[in-house]
Every structure is written in C-alpha cells, then in structure tokens.
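What's in my_file_14.txt: compact mmCIF, C-alpha atoms and all ligand atoms
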# COMPACT_ATOMS: atom_id res chain seq x y z
CA MET E 1 22.55 -8.83 -16.25
CA LYS E 2 20.42 -6.17 -17.86
CA ILE E 3 17.75 -4.85 -15.47
CA GLY E 4 15.15 -2.62 -17.16
CA ALA E 5 12.12 -0.56 -16.18
CA PRO E 6 9.46 0.23 -18.80
CA LYS E 7 7.10 3.20 -18.57
CA GLU E 8 4.02 2.08 -16.62
CA SER E 9 1.17 1.40 -19.03
CA ALA E 10 -1.75 1.52 -16.54
CA ARG E 11 -3.77 4.73 -16.94
CA GLY E 12 -2.87 7.38 -14.36
CA GLU E 13 0.02 5.40 -12.85
CA ALA E 14 2.78 7.91 -12.14
CA ARG E 15 5.24 5.70 -10.26
CA VAL E 16 8.36 4.09 -11.71
CA ALA E 17 10.25 1.02 -10.47
CA LEU E 18 13.77 2.38 -11.12
CA THR E 19 15.11 5.72 -9.87
CA PRO E 20 18.53 7.22 -10.62
CA GLU E 21 19.44 6.46 -7.00
CA SER E 22 18.34 2.81 -7.06
CA ALA E 23 20.09 2.34 -10.43
CA GLN E 24 23.42 3.24 -8.85
CA HIS E 25 22.94 0.55 -6.18
CA ILE E 26 21.84 -2.02 -8.76
CA GLN E 27 24.95 -1.30 -10.85
CA LYS E 28 27.11 -1.98 -7.78
CA LEU E 29 25.65 -5.52 -7.85
CA GLY E 30 27.31 -5.94 -11.24
CA HIS E 31 24.15 -5.33 -13.29
CA GLU E 32 23.48 -2.93 -16.13
CA CYS E 33 20.38 -0.69 -15.92
CA LEU E 34 17.98 0.26 -18.72
CA ILE E 35 14.94 2.52 -18.75
CA GLU E 36 12.32 3.38 -21.35
CA THR E 37 12.41 7.04 -22.31
CA GLY E 38 10.03 9.14 -20.22
CA ALA E 39 9.37 6.32 -17.71
CA GLY E 40 10.35 8.47 -14.73
CA GLU E 41 8.91 11.77 -15.99
CA ALA E 42 5.65 11.70 -13.99
CA ALA E 43 7.59 10.84 -10.82
CA GLY E 44 10.02 13.72 -11.29
CA PHE E 45 12.99 11.85 -12.82
CA ASN E 46 13.87 12.85 -16.39
CA ASP E 47 15.95 10.89 -18.91
CA ASP E 48 19.05 13.00 -18.21
CA ALA E 49 18.91 12.17 -14.50
CA TYR E 50 18.99 8.47 -15.45
CA ARG E 51 21.79 8.99 -18.00
CA ASN E 52 23.84 10.81 -15.34
CA ALA E 53 23.35 7.77 -13.10
CA GLY E 54 24.78 5.48 -15.80
CA VAL E 55 21.42 4.15 -17.05
CA SER E 56 20.87 3.46 -20.78
CA VAL E 57 17.71 5.18 -22.00
CA LEU E 58 15.86 3.14 -24.64
CA ASP E 59 13.39 4.71 -27.04
CA SER E 60 10.51 2.23 -26.85
CA ALA E 61 8.78 -0.32 -24.64
CA ASP E 62 9.50 -3.02 -27.23
CA ALA E 63 13.24 -2.31 -27.07
CA LEU E 64 13.14 -2.36 -23.27
CA TRP E 65 11.30 -5.68 -23.01
CA ARG E 66 13.57 -7.15 -25.68
CA ASP E 67 16.88 -6.07 -24.14
CA ALA E 68 16.16 -6.50 -20.42
CA GLU E 69 16.81 -9.88 -18.81
CA VAL E 70 15.00 -8.73 -15.68
CA VAL E 71 12.05 -6.35 -16.09
CA ILE E 72 11.08 -4.33 -13.01
CA LYS E 73 7.63 -2.72 -12.84
CA VAL E 74 5.06 -1.23 -10.48
CA ARG E 75 1.74 -2.59 -11.82
CA GLU E 76 1.01 -6.12 -12.97
CA PRO E 77 1.63 -6.54 -16.72
CA SER E 78 -1.12 -5.71 -19.21
CA ASP E 79 -2.20 -8.35 -21.75
CA ALA E 80 0.01 -6.66 -24.34
CA GLU E 81 3.00 -6.68 -21.96
CA VAL E 82 2.56 -10.39 -21.21
CA THR E 83 3.10 -11.14 -24.90
CA LEU E 84 6.49 -9.39 -24.64
CA LEU E 85 7.59 -11.69 -21.81
CA ARG E 86 9.85 -14.54 -22.87
CA GLU E 87 11.32 -17.76 -21.56
CA GLY E 88 14.08 -17.23 -19.04
CA GLN E 89 13.13 -13.60 -18.43
CA THR E 90 12.32 -12.46 -14.87
CA LEU E 91 9.61 -9.93 -14.06
CA ILE E 92 9.57 -8.24 -10.63
CA THR E 93 6.37 -6.26 -9.91
CA PHE E 94 3.21 -5.99 -7.83
CA PHE E 95 1.14 -8.89 -9.20
CA TRP E 96 -1.70 -9.87 -6.76
CA PRO E 97 -1.65 -13.54 -7.88
CA ALA E 98 -4.77 -14.53 -5.90
CA GLN E 99 -6.85 -12.03 -7.91
CA ASN E 100 -5.04 -12.58 -11.21
CA GLU E 101 -5.22 -16.28 -11.94
CA ALA E 102 -5.47 -15.93 -15.74
CA LEU E 103 -2.53 -13.53 -15.79
CA LEU E 104 -0.51 -15.99 -13.73
CA GLU E 105 -1.24 -18.77 -16.22
CA ALA E 106 -0.35 -16.47 -19.13
CA CYS E 107 3.04 -15.59 -17.56
CA LYS E 108 3.69 -19.27 -16.92
CA ALA E 109 2.86 -20.06 -20.56
CA GLN E 110 5.45 -17.47 -21.66
CA GLY E 111 8.05 -19.34 -19.58
CA ALA E 112 8.91 -16.29 -17.46
CA THR E 113 9.74 -16.15 -13.76
CA VAL E 114 7.51 -13.70 -11.88
CA VAL E 115 8.43 -12.26 -8.49
CA ALA E 116 5.39 -10.60 -6.89
CA MET E 117 6.35 -7.76 -4.55
CA ASP E 118 2.97 -8.09 -2.80
CA MET E 119 3.88 -11.67 -1.86
CA VAL E 120 7.11 -10.86 0.01
CA PRO E 121 6.65 -12.61 3.39
CA ARG E 122 6.16 -10.12 6.22
CA ILE E 123 9.04 -11.42 8.31
CA SER E 124 11.70 -9.22 9.95
CA ARG E 125 14.45 -10.13 7.45
CA ALA E 126 12.26 -9.05 4.53
CA GLN E 127 11.15 -5.66 5.90
CA LYS E 128 13.51 -3.86 3.50
CA MET E 129 11.57 -5.44 0.61
CA ASP E 130 8.11 -4.91 2.13
CA ALA E 131 6.57 -2.77 -0.60
CA LEU E 132 3.05 -3.25 0.84
CA SER E 133 4.17 -1.43 3.98
CA SER E 134 6.08 1.30 2.17
CA MET E 135 3.04 2.06 -0.02
CA ALA E 136 0.57 1.79 2.91
CA ASN E 137 2.67 4.25 4.89
CA ILE E 138 2.41 6.77 2.03
CA ALA E 139 -1.33 6.14 1.62
CA GLY E 140 -1.90 6.84 5.34
CA TYR E 141 0.07 10.08 5.20
CA ARG E 142 -1.60 11.18 1.99
CA ALA E 143 -5.07 10.39 3.40
CA VAL E 144 -4.55 13.08 6.02
CA ILE E 145 -3.26 15.58 3.45
CA GLU E 146 -6.30 14.80 1.26
CA ALA E 147 -8.58 15.25 4.27
CA GLY E 148 -6.96 18.63 4.99
CA ASN E 149 -7.46 19.63 1.37
CA ASN E 150 -11.19 18.91 1.61
CA PHE E 151 -11.70 20.25 5.14
CA GLY E 152 -12.39 23.96 5.38
CA ARG E 153 -10.69 24.42 8.74
CA PHE E 154 -7.42 24.03 10.65
CA PHE E 155 -6.33 20.73 12.14
CA THR E 156 -4.72 22.43 15.12
CA GLY E 157 -6.57 24.55 17.66
CA GLN E 158 -5.66 28.23 17.79
CA VAL E 159 -6.41 31.25 19.89
CA THR E 160 -6.28 34.26 17.60
CA ALA E 161 -7.34 37.91 17.81
CA ALA E 162 -10.13 36.97 15.43
CA GLY E 163 -11.44 34.19 17.65
CA LYS E 164 -10.77 30.80 19.18
CA VAL E 165 -10.49 27.84 16.84
CA PRO E 166 -11.03 24.33 18.25
CA PRO E 167 -8.75 21.53 17.02
CA ALA E 168 -10.18 19.14 14.43
CA LYS E 169 -11.25 15.74 15.74
CA VAL E 170 -10.00 12.86 13.63
CA LEU E 171 -11.10 9.24 13.94
CA VAL E 172 -8.91 6.55 12.35
CA VAL E 173 -10.58 3.16 11.89
CA GLY E 174 -8.03 0.36 11.46
CA ALA E 175 -4.53 0.84 12.84
CA GLY E 176 -2.35 -1.26 10.52
CA VAL E 177 0.52 0.35 8.62
CA ALA E 178 -1.67 2.93 6.83
CA GLY E 179 -3.78 3.73 9.90
CA LEU E 180 -0.72 4.29 12.09
CA ALA E 181 0.79 6.60 9.45
CA ALA E 182 -2.49 8.55 9.36
CA ILE E 183 -2.54 8.80 13.17
CA GLY E 184 1.06 10.07 13.23
CA THR E 185 0.38 12.66 10.52
CA ALA E 186 -2.89 13.92 12.03
CA THR E 187 -1.42 14.25 15.55
CA SER E 188 1.61 16.09 14.16
CA LEU E 189 -0.77 18.61 12.54
CA GLY E 190 -2.31 19.22 15.96
CA ALA E 191 -5.62 17.37 15.61
CA VAL E 192 -7.29 15.47 18.44
CA VAL E 193 -7.01 11.88 17.20
CA ARG E 194 -8.95 8.78 18.20
CA ALA E 195 -8.46 5.35 16.74
CA PHE E 196 -10.04 1.92 16.75
CA ASP E 197 -8.86 -1.51 15.68
CA VAL E 198 -10.19 -5.02 16.30
CA ARG E 199 -6.67 -6.03 17.36
CA PRO E 200 -6.34 -4.71 20.92
CA GLU E 201 -2.56 -5.19 20.84
CA VAL E 202 -2.25 -2.02 18.72
CA SER E 203 -3.61 0.16 21.56
CA GLU E 204 -0.09 0.80 22.90
CA GLN E 205 1.16 1.95 19.49
CA ILE E 206 -1.86 4.22 19.09
CA GLU E 207 -1.40 5.77 22.51
CA SER E 208 2.35 6.20 22.07
CA MET E 209 1.57 8.37 19.04
CA GLY E 210 -0.57 10.70 21.13
CA ALA E 211 -3.96 9.35 20.05
CA GLU E 212 -6.76 7.84 22.12
CA PHE E 213 -7.63 4.16 21.61
CA LEU E 214 -11.38 3.55 21.69
CA PHE E 215 -11.77 0.46 23.87
CA LEU E 216 -14.92 -1.66 23.62
CA GLU E 217 -16.29 -3.34 26.74
CA PHE E 218 -16.33 -6.90 25.49
CA ASP E 219 -15.41 -10.21 27.05
CA GLU E 220 -14.84 -12.21 23.86
CA SER E 221 -11.28 -11.89 22.57
CA GLN E 222 -11.06 -10.30 19.13
CA ASP E 223 -7.32 -10.80 18.92
CA GLY E 224 -6.45 -11.60 15.30
CA SER E 225 -3.14 -13.27 16.16
CA GLU E 226 -4.39 -16.67 15.01
CA SER E 227 -4.39 -15.25 11.49
CA GLY E 228 -0.76 -14.14 11.70
CA GLY E 229 -1.27 -10.66 13.14
CA TYR E 230 -3.99 -9.77 10.64
CA ALA E 231 -7.63 -9.20 11.54
CA ALA E 232 -10.29 -11.91 11.39
CA PRO E 233 -13.97 -11.10 10.72
CA SER E 234 -15.70 -9.84 13.89
CA SER E 235 -18.52 -11.76 15.59
CA PRO E 236 -22.02 -10.20 15.10
CA GLU E 237 -22.07 -9.15 18.79
CA PHE E 238 -18.69 -7.45 18.55
CA ARG E 239 -19.70 -5.73 15.32
CA GLU E 240 -22.84 -4.32 16.97
CA LYS E 241 -20.75 -2.90 19.84
CA GLN E 242 -18.32 -1.42 17.35
CA LEU E 243 -21.10 0.21 15.30
CA ALA E 244 -22.69 1.60 18.49
CA CYS E 245 -19.33 3.16 19.39
CA PHE E 246 -19.04 4.71 15.90
CA ARG E 247 -22.64 6.04 16.09
CA GLU E 248 -21.63 7.86 19.25
CA GLN E 249 -18.53 9.31 17.53
CA ALA E 250 -20.26 10.37 14.28
CA PRO E 251 -21.74 13.72 15.41
CA ASP E 252 -18.54 14.64 17.24
CA VAL E 253 -15.72 13.92 14.77
CA ASP E 254 -14.77 16.14 11.81
CA ILE E 255 -12.63 13.72 9.83
CA VAL E 256 -12.87 9.93 9.55
CA ILE E 257 -10.08 7.93 7.92
CA THR E 258 -10.97 4.29 7.38
CA THR E 259 -8.32 1.66 6.59
CA ALA E 260 -9.96 -1.56 7.87
CA LEU E 261 -9.11 -4.63 5.81
CA ILE E 262 -9.36 -8.37 6.31
CA PRO E 263 -6.98 -10.38 4.07
CA GLY E 264 -8.77 -12.15 1.22
CA LYS E 265 -12.20 -10.64 2.04
CA PRO E 266 -14.13 -7.55 0.96
CA ALA E 267 -13.60 -4.57 3.26
CA PRO E 268 -15.99 -4.65 6.25
CA LYS E 269 -18.72 -1.98 6.10
CA LEU E 270 -18.15 0.03 9.27
CA TRP E 271 -19.19 3.61 8.58
CA LEU E 272 -22.83 3.28 7.62
CA GLU E 273 -25.21 5.68 5.91
CA ASP E 274 -26.89 6.72 9.17
CA MET E 275 -23.47 7.63 10.64
CA VAL E 276 -22.68 9.85 7.65
CA ALA E 277 -26.10 11.49 8.12
CA GLU E 278 -25.20 12.30 11.74
CA MET E 279 -21.92 14.03 10.82
CA LYS E 280 -21.60 17.81 10.66
CA PRO E 281 -21.68 19.44 7.19
CA GLY E 282 -18.12 20.00 5.95
CA SER E 283 -16.86 16.83 7.62
CA VAL E 284 -14.64 14.56 5.55
CA ILE E 285 -14.35 10.79 5.18
CA ILE E 286 -11.27 9.32 3.46
CA ASP E 287 -11.84 5.64 2.71
CA LEU E 288 -8.52 3.88 2.12
CA ALA E 289 -10.37 0.57 1.77
CA ALA E 290 -12.18 1.83 -1.39
CA GLU E 291 -10.38 -0.62 -3.68
CA LYS E 292 -11.76 -3.54 -1.64
CA GLY E 293 -15.32 -2.14 -1.72
CA GLY E 294 -14.86 0.52 0.97
CA ASN E 295 -15.53 0.74 4.72
CA CYS E 296 -18.13 3.47 4.20
CA ASP E 297 -21.56 2.87 2.65
CA LEU E 298 -21.26 6.00 0.50
CA THR E 299 -17.79 5.34 -0.92
CA LYS E 300 -17.47 5.22 -4.69
CA PRO E 301 -14.05 3.89 -5.74
CA ASP E 302 -11.90 6.56 -7.45
CA GLU E 303 -14.50 9.25 -6.79
CA ARG E 304 -15.14 12.13 -4.43
CA VAL E 305 -18.82 12.33 -3.51
CA VAL E 306 -20.71 14.76 -1.28
CA SER E 307 -23.58 13.45 0.84
CA ASP E 308 -26.95 15.21 1.12
CA ASN E 309 -25.84 16.73 4.43
CA GLY E 310 -22.55 18.06 3.00
CA VAL E 311 -20.09 15.36 4.07
CA VAL E 312 -17.26 14.77 1.58
CA VAL E 313 -16.46 11.08 0.96
CA VAL E 314 -13.18 10.42 -0.87
CA GLY E 315 -12.67 6.95 -2.36
CA TYR E 316 -9.48 7.42 -4.38
CA THR E 317 -7.53 4.19 -4.84
CA ASP E 318 -4.28 5.73 -6.07
CA PHE E 319 -2.89 7.55 -3.04
CA PRO E 320 0.71 6.26 -3.49
CA SER E 321 0.65 7.33 -7.16
CA ARG E 322 -0.48 10.81 -6.03
CA MET E 323 2.90 11.08 -4.28
CA ALA E 324 4.80 9.48 -7.12
CA THR E 325 8.27 10.83 -6.31
CA GLN E 326 8.22 9.56 -2.74
CA SER E 327 6.50 6.30 -3.66
CA SER E 328 8.96 5.61 -6.49
CA LEU E 329 11.95 6.28 -4.24
CA LEU E 330 10.70 3.83 -1.61
CA TYR E 331 9.39 1.21 -4.05
CA ALA E 332 12.59 1.30 -6.13
CA THR E 333 14.52 0.77 -2.89
CA ASN E 334 12.34 -2.26 -2.05
CA ILE E 335 13.05 -3.62 -5.56
CA ARG E 336 16.81 -3.09 -5.37
CA HIS E 337 16.89 -4.93 -2.02
CA MET E 338 15.10 -7.82 -3.75
CA LEU E 339 17.77 -7.70 -6.48
CA THR E 340 20.46 -7.69 -3.80
CA ASP E 341 19.08 -10.95 -2.40
CA LEU E 342 18.81 -12.35 -5.93
CA THR E 343 22.48 -11.45 -6.60
CA PRO E 344 24.24 -12.94 -3.56
CA GLU E 345 27.74 -12.80 -5.10
CA LYS E 346 27.32 -9.20 -6.35
CA ASP E 347 28.68 -10.46 -9.67
CA GLY E 348 25.84 -9.42 -11.96
CA VAL E 349 24.44 -12.97 -11.96
CA ILE E 350 20.91 -13.71 -10.72
CA ASN E 351 20.75 -16.76 -8.46
CA HIS E 352 17.05 -17.53 -8.05
CA ASN E 353 17.39 -19.55 -4.85
CA MET E 354 14.03 -21.24 -4.21
CA ASP E 355 15.36 -22.50 -0.83
CA ASP E 356 15.36 -18.92 0.40
CA ASP E 357 12.06 -18.24 2.24
CA VAL E 358 11.70 -14.70 0.98
CA ILE E 359 12.52 -15.43 -2.67
CA ARG E 360 10.38 -18.59 -2.59
CA GLY E 361 7.45 -16.74 -0.99
CA ALA E 362 7.44 -13.97 -3.58
CA THR E 363 7.99 -16.19 -6.65
CA VAL E 364 4.67 -16.96 -8.32
CA THR E 365 5.89 -18.57 -11.57
CA HIS E 366 9.23 -20.26 -12.10
CA GLN E 367 10.69 -22.61 -14.73
CA GLY E 368 7.35 -23.17 -16.46
CA GLU E 369 5.40 -23.80 -13.22
CA VAL E 370 2.95 -21.76 -11.19
CA THR E 371 4.58 -21.58 -7.74
CA PHE E 372 1.71 -19.77 -5.98
CA PRO E 373 0.61 -20.16 -3.25
CA PRO E 374 3.95 -20.72 -1.51
CA PRO E 375 4.49 -22.94 1.52
CA PRO E 376 4.40 -21.01 4.84
CA PRO E 377 7.75 -19.37 5.72
CA LYS E 378 9.99 -21.29 8.14
CA VAL E 379 11.40 -18.25 9.96
CA LYS E 380 9.73 -15.27 11.66
P1 LIG E 401 -4.32 -4.44 6.71
O1 LIG E 401 -4.09 -3.39 5.66
O2 LIG E 401 -4.58 -5.83 6.29
O3 LIG E 401 -5.54 -3.98 7.67
C1 LIG E 401 -5.59 -2.71 8.23
C2 LIG E 401 -6.09 -2.76 9.64
O4 LIG E 401 -7.52 -2.94 9.66
C3 LIG E 401 -5.53 -3.88 10.51
O5 LIG E 401 -4.84 -3.30 11.60
C4 LIG E 401 -6.76 -4.66 10.95
O6 LIG E 401 -6.65 -5.17 12.25
C5 LIG E 401 -7.82 -3.59 10.86
N1 LIG E 401 -9.22 -4.08 10.85
C6 LIG E 401 -9.75 -5.14 10.22
N2 LIG E 401 -11.07 -5.24 10.46
C7 LIG E 401 -11.40 -4.20 11.27
C8 LIG E 401 -12.61 -3.76 11.86
N3 LIG E 401 -13.75 -4.40 11.71
N4 LIG E 401 -12.55 -2.63 12.63
C9 LIG E 401 -11.41 -1.97 12.81
N5 LIG E 401 -10.23 -2.35 12.28
C10 LIG E 401 -10.22 -3.45 11.51
O7 LIG E 401 -3.11 -4.40 7.73
P2 LIG E 401 -1.57 -4.11 7.48
O8 LIG E 401 -1.33 -2.66 7.58
O9 LIG E 401 -1.12 -4.79 6.26
O10 LIG E 401 -0.92 -4.79 8.77
C11 LIG E 401 -1.51 -5.94 9.36
C12 LIG E 401 -0.54 -6.63 10.31
O11 LIG E 401 0.68 -6.98 9.66
C13 LIG E 401 -0.15 -5.82 11.51
O12 LIG E 401 -0.12 -6.69 12.63
C14 LIG E 401 1.22 -5.35 11.21
O13 LIG E 401 1.99 -5.06 12.36
C15 LIG E 401 1.75 -6.56 10.49
N6 LIG E 401 2.91 -6.21 9.66
C16 LIG E 401 4.09 -6.88 9.88
C17 LIG E 401 5.20 -6.56 9.12
C18 LIG E 401 6.53 -7.26 9.33
O14 LIG E 401 6.71 -7.98 10.27
N7 LIG E 401 7.44 -7.09 8.41
C19 LIG E 401 5.12 -5.57 8.17
C20 LIG E 401 3.91 -4.93 7.96
C21 LIG E 401 2.80 -5.27 8.72
Could the structure of this file be written out as structure tokens, please?
Ligand code: NAD
Amino acid sequence: MKIGAPKESARGEARVALTPESAQHIQKLGHECLIETGAGEAAGFNDDAYRNAGVSVLDSADALWRDAEVVIKVREPSDAEVTLLREGQTLITFFWPAQNEALLEACKAQGATVVAMDMVPRISRAQKMDALSSMANIAGYRAVIEAGNNFGRFFTGQVTAAGKVPPAKVLVVGAGVAGLAAIGTATSLGAVVRAFDVRPEVSEQIESMGAEFLFLEFDESQDGSESGGYAAPSSPEFREKQLACFREQAPDVDIVITTALIPGKPAPKLWLEDMVAEMKPGSVIIDLAAEKGGNCDLTKPDERVVSDNGVVVVGYTDFPSRMATQSSLLYATNIRHMLTDLTPEKDGVINHNMDDDVIRGATVTHQGEVTFPPPPPKVK
C-alpha cells in the first residue's frame, strides 16, 4: 500500500512522521512510501535524503492526501485536512480523541479509519509504539537544556583558581517518563537533584539515578496504582504537607522542573506564587505541565516570563518539536512499529485486526463508527 507523510500544517511544528530510515523499514513490509516536498526540512531531512531511501517526493499536500492509502502525521488533522480524508483511507497520528470530539465525528463522517498514537495502550508489548513515552523522554531532557540556557551558572560544582563554584540544586516535581529523563539529564550534568512524586513506588528509580527522593511523613497511602500506575488527585491533607515541603525547598533550589499530571484533569497547582517569591533571583522554573494549565502559578503557556524577583518561568509546550530531528527519528520509529503490527504478513497489505488489543485500543474511528473509548486491554 502507499504510505504517505504530508508536511505538518500546525504552526511551528517541525517534526515529521516519516524519516528516510523509517521509510526503508516500511518498504520492507511491502509498502511504498510517499512524502510531500519539504516535509522533513525542519527536522533535518531534505527531499534528496528521502529520494535516496526510495521514497517518492510529491509536490503538494493535495497530491499526497490523494495518492496515499495510509496517511501518517504528527499532529491531529486541521479542518482543511479532514476534508481531504476519504472512505477507506487510514490516518495514523496523535489525535487526543477525548479533547477532540468534533474532529472525531468529522473523521468518522469522512469514512476514514483513525489510529491515535496517544491511545496506544501502555502495556509491555506496545512499548515500541509508545509515542507518549518517546516524546516525554525528549521533553524531560530538553527541559534541563532549556533550564541551563536560562540559568547563568554551571550545573556542576567546580573548584577553580578563580573561586569555588557550588553545584546547582535542581528539584524535579513529578517523576513519570519526563521527570525521570530530567533527573537523569540533570544528574549527568553534575547538579544536586531532588525529586518528588505522589507515587512512592518511584522512589527507587529516583534514587538509582543519583537523586534524592523527598519523602513526606504521612500515614495515608497516596499510591496511585488503583488508577493503573497513574496519579490520583491528592487529599487536602496530603497536598498541604506537599506544599509545606516545597515552601522549605523554594529558597534553597536554583532550578525547578515540574512535570506533574493527572490523566483527564487540569495540572495540579504545586509551585505557588509565594514559593516563586522565595526563590533566589536568577533561578529558573521549567513547567512541562504548561499545556494542561501548568503546575506553577506564574506559568503562561508558550511564554517565558520573569517574576518581580527575577525568577525565569518557562511555559513552552513544544519541547519535542524543539528537538525535531531526534523527535522525528523516535516518533517515525513508533509509527513504523505500528505499521509492522498492521502488516502481519509483510506483504504490503494492511490487516486492521480489531481483535488485537493494541490496534483496537489505538483505533478511534473504523468502518464508519467512532470506536473511542476502547474496552480495557486484556493483557498487561
Ligand atoms: P504523567 O505524565 O501522567 O504524570 C507525570 C507524573 O506526575 C507522574 O509520575 C505522576 O505520579 C506525577 N504527579 C501527579 N500529581 C502529582 C503531584 N501532586 N505531585 C507530584 N507528582 C505528581 O505520567 P507518565 O510519564 O505518562 O507515566 C505515568 C505512569 O505510566 C508511570 O507509572 C509509568 O511508569 C507508566 N508508564 C508505563 C509504560 C508501559 O508500561 N509501557 C510506559 C510509560 C509509562
């Protein structure tokens, strides 16, 4: 079948869903690959690199959407792109169906099958397709680089002829995929790293990376395992203890990276205005939860603001796109693994097997029906 990637139409999006490398793997499944001219440019892949990998370069989005039987993308389709979708065509992309009900209905009305990469079940077998994790890993890494870029000092401590430099103190709030990547990056740069999460089971992972886990003295269990390993909202008592702990940390830490999220809810406000006011001038806050409203009171999504006392608060929501080459390589790999599962005979024929937990979980429209939300997966 013809698998094609258009140029992303969302403003500022630099990633691409097909790389020359992933195209070679997809061709081994018996498919043909197409790309819109210039689609990989912002991620560092020019048309010639695709041509050398056996990809046909088409000169317009219209031609791409017309010729491709499976369209692969990064961002959910725009209204204009939805009109290009047609019956029998498959679209594989990030889609966020819970937030995009009208879009879901529109894709259904076009008769297309939509596979949402953000809906891939987080079970062991599907890790190779887990685009949420591959992008969160990049966001966590990039958050530290962004912090370094805004921080006027070293991360590591040094003793030099010109004086002794203390190491930077970094606090990471939320130790999911992004938080753990931030912890690993900050410790590798030599910072003193502390971390907190409402799920105490992550303490071992935090400590194994050379960071300190901030334990709260609390008798009520805050284990989020009942919600499938994700966090649940904290009780008011727990929240007060947590905020008291952060108030103690605020004057001491130089960099705060917040990543705390609760599925389906706005981001919890955890780094409050009075904590920012207690921080030293020149300190930096990187709020990776900005898209969901932010963990910090001062966060403005997609902006960098400076508080009255000189604390920089970064609320960018496009960290993976800021590392578009790396993100595209990993995302395109997630996509080609999805295509591998959709092409079990490696004969260039898509077999959309709705009895397969992973394919079923990620499919949000199929054969004229909305198939979201999916039933819970049967296997772990
Ligand atoms: P996420 O992005 O939903 O949340 C980030 C972190 O914020 C979580 O660790 C959460 O506990 C934490 N948090 C929420 N409220 C908080 C608060 N008030 N204070 C401090 N921290 C708070 O998480 P994620 O990165 O998507 O990962 C969540 C879970 O999914 C983890 O258990 C992870 O191991 C698991 N996971 C499993 C797989 C797999 O099996 N394939 C893949 C990826 C992630």
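Using only C-alpha atoms and all ligand atoms, the nearest neighbour of ligand LIG 401 (chain E) within the list E:Gln249, E:Ser203, E:Ser124, E:Gln158 is E:Ser124.
Of the residues listed (E:Thr37, E:Asn309, E:Gln205, E:Ser234), E:Asn309 shows the shortest atom-to-atom separation from Val284 (chain E); distances use all atoms listed in the file.
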Close residues, Lys169 (chain E) itself excluded, 8 Å, all atoms listed in the file, min 5 positions apart in chain, as a short mmCIF file (atom, residue, chain, number, x, y, z; two decimals) with C-alpha atoms, in the coordinates of the input:
data_model
loop_
_atom_site.label_atom_id
_atom_site.label_comp_id
_atom_site.auth_asym_id
_atom_site.auth_seq_id
_atom_site.Cartn_x
_atom_site.Cartn_y
_atom_site.Cartn_z
CA PHE E 155 -6.33 20.73 12.14
CA ALA E 191 -5.62 17.37 15.61
CA VAL E 192 -7.29 15.47 18.44
CA VAL E 193 -7.01 11.88 17.20
CA ARG E 194 -8.95 8.78 18.20
CA ASP E 252 -18.54 14.64 17.24
CA VAL E 253 -15.72 13.92 14.77
CA ASP E 254 -14.77 16.14 11.81
CA ILE E 255 -12.63 13.72 9.83
#
Discussion item. Please find the residues contacting ligand LIG 401 (chain E) at a distance of at most 9 Å between atoms, with all atoms listed in the file counted, and report them as number ranges by chain.
Written reply: E: 121-130, 132-134, 136-137, 172-180, 195-202, 223-225, 228-234, 238-239, 242, 258-263, 267-270, 289, 295, 380
Considering only C-alpha atoms, return as a short mmCIF file (atom, residue, chain, number, x, y, z; two decimals) with C-alpha atoms, keeping the file's coordinate frame whatever protein or nucleic-acid residues lie within 10 Å of Val349 (chain E), sequence-local ones (same chain, fewer than 3 positions apart) excluded.
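Below you can see out12.cif, which holds the result:
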data_model
loop_
_atom_site.label_atom_id
_atom_site.label_comp_id
_atom_site.auth_asym_id
_atom_site.auth_seq_id
_atom_site.Cartn_x
_atom_site.Cartn_y
_atom_site.Cartn_z
CA MET E 1 22.55 -8.83 -16.25
CA LYS E 2 20.42 -6.17 -17.86
CA LEU E 29 25.65 -5.52 -7.85
CA GLY E 30 27.31 -5.94 -11.24
CA HIS E 31 24.15 -5.33 -13.29
CA LEU E 342 18.81 -12.35 -5.93
CA THR E 343 22.48 -11.45 -6.60
CA PRO E 344 24.24 -12.94 -3.56
CA GLU E 345 27.74 -12.80 -5.10
CA LYS E 346 27.32 -9.20 -6.35
CA HIS E 352 17.05 -17.53 -8.05
#
Item to complete: Please provide as a PyMOL selection string all residues within 12 Å of Val114 (chain E), with the sequence filter that same-chain residues fewer than 6 positions apart are discarded (counting all atoms listed in the file).
Response: chain E and resi 70-73+76-77+82+85-97+103-108+352+359-372
Item to complete: Rounded to one decimal place, report the CA of Ala211 (chain E)-CA of Ser188 (chain E) distance in Å.
Response: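 Going from CA of Ala211 (chain E) over to CA of Ser188 (chain E) covers 10.5 Å.
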